[in-house]
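Please read the structure below before turning to the comments.
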Amino acid sequence: MDKIERLKIFCLVAEKHSFAQVAKALDLPRSTITYAIQGLEKEYQVLLFNRTTRKVNLTNDGVQFLKEVQQLIFQAEGLNKFKLKNRQYKGQVKIGLPLRIATQYLLPYLHEFYAKYPNIKVSIYSHDHYSDLIEQRLDCVLRVGNVMNENLIVRPIANVDLYTVAAPEYLNTLENALETAPLNQHIMIGYQMKNMDSDFGSLVFKDSQIKLPYQLSVEDTESYLHAGLQGLGIIQIPAFDAIPFIETKRLTRIFEQEACLKIPINFLFLERKYRPVYFQFFIDWLENLLKQKLANHTELLSFKS
């Protein structure tokens, strides 16, 4: 029996002036009621009731104790709304994820989630830099790329190929055919370049890297993609982003002789315990959505809890 239950028993005894009546009302042995009151008196070192063979009355200290206990129970019952939220389809989910995943996969289908769970609010923090679960007070993060923090719980979704692509406008500027064009004819588009003093960036493959000069460097994926579509240089983007543009001939895959680097896509969490049910509904829905939409472009992974 926890303290709140003992305090509620105290309030009932104060109301009914009888240990026996409280025991009968709660369908408990009278000794349980006695031990509950004695436990409180011992813990707080105060006599709560004057006991006679006929009646039980509060002492002066007991009267003051009752006022405090009633307020405490009221506050404790207010906290139960959090337990209730865990059982109901109601609450708020805060998720950080890359901009392209948000705009191309989450937002276009979010109405389907709201059709099933209209009382779950979703706050999306989408940008191209890594989200910080603690500083931004996020419930989870969807990350494309390697996970460096060993303290995070990782739920794998898929491994995606990194495609190397260029627009026809770019390829038409080459003096030689793509297959025979020397590397010094190529230009890449820099993305979040760490060393801006260097004139070169790297195309990254499974087993190798190719250094190429760049004229343009950008910091976000939207600018990176659109620069590639405008023919300003070679870009490397996940297969799920590249394939729609390849199919419409706005981009062409190049350097196919090089095995693609595979990039992991994971959910990241801080804590496994006490995740609200409504949060789990959202995560399961989003994972199924992504696996469905990425099925043709990725190596799908299963999560074992």
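Lettering and numbering for the structure tokens are positional, with chains as A, B, ... in the shown order, residues counted from 1 in each chain, and ligands counted from 1 in the shown order.
Proximity to region 46-63 of chain A at 6 Å, evaluated using only C-alpha atoms and with sequence-adjacent residues fewer than 3 positions away removed, yields His17, Ser18, Glu41 and Leu66 of chain A.
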Practice prompt. Extract the full set of strand (DSSP E) residues from region 143-301 of chain A according to DSSP on the backbone, and format it as an NGL selection string.
Written response: :A and (143-144 or 153-166 or 188-191 or 200-204 or 209-218 or 235-238 or 252-253 or 262-269 or 298-300)
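Rounded to one decimal, CA of Gly231 (chain A) and CA of Gln209 (chain A) lie 21.8 Å from each other.
Relative to CA of Leu174 (chain A), CA of Leu229 (chain A) is found at 16.1 Å.
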Worksheet item: Which one of A:Val165, A:Ile283, A:Leu212, A:Ile235 sits closest to Tyr191 (chain A) if you count only C-alpha atoms?
Response: A:Ile235
